[in-house]
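Everything below concerns the one structure shown next.
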Amino acid sequence: MEELMRTVLIACIPALTAIFGWGLNKAVTIANGYVNNKFAQTCIQNAATAVYNAVQSVNQTYVDALKEANTFDKDAQTIAFNKALAAAKKSLTQETIQFIRETFGDLDSYLSTLIESQVRSQKTYL
């Protein structure tokens, strides 16, 4: 029964990922509606997209294999988080980095909150 459930979930992951991506973009669009500054909207969207892509990539290249082998422990979680943070930061433009620092303070703290939210969302929906 457990194997059947795992097979069904694995088969549904691509569709759920697409739906989640659409939902994330919709949420950012709604949030951008409250921000009148086009530059700010672009920076917020860039950060959300960078985090979404980073978490997806780390899940695909690192986390999934460890979970399959049942070796995804606290240390592996820390490594996965750091990989996602580094990948997200690497994807950001200098303008977005500067905007986040000036608007929200610390870049790592801002991205960490987004990463944790993204991971939680993926756990819940995937």
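Each chain of the structure tokens is named A, B, ... in the order shown, its residues numbered from 1; ligands are numbered from 1 in display order.
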
Practice task
Could you give me, as a ChimeraX atom specification, the residues within 9 Å of stretch 47-54 of chain A, counting only C-alpha atoms and dropping anything in the same chain fewer than 6 positions from it?
Solution key: /A:21,24-25,28,83-92,96-97,100,111,114-115,118-119

Completion exercise
Among A:Asn46, A:Gln98, A:Asn59, A:Thr103, A:Gln77 is approached most closely, using only C-alpha atoms, by A:Asn59

Exercise for the section: Excluding A:Tyr62 and any residue of its chain fewer than 5 positions from it, enumerate the residues within 12 Å of it, using only C-alpha atoms, and give them as a PyMOL selection string. Expected result: chain A and resi 54-57+67-69+71-72+76-84

Exercise for the section: Going by DSSP on the backbone, which bits of stretch 56-95 of chain A are helix (DSSP H, G or I)? Write them as a PyMOL selection string, please. Expected result: chain A and resi 56-68+74-91+94-95

Problem - Atom-to-atom span, atom CA of A:Ala40 and atom CA of A:Glu102, Å - result: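 Going from atom CA of A:Ala40 over to atom CA of A:Glu102 covers 11.2 Å.
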
Practice task
Please measure the separation of atom CA of A:Asp64 and atom CA of A:Gln122, giving the value in Å to one decimal.
Solution key: 12.3 Å

Problem - Between atom CA of A:Ile44 and atom CA of A:Phe99 - distance in Å to one decimal - result: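 Atom CA of A:Ile44 lies 9.0 Å from atom CA of A:Phe99.
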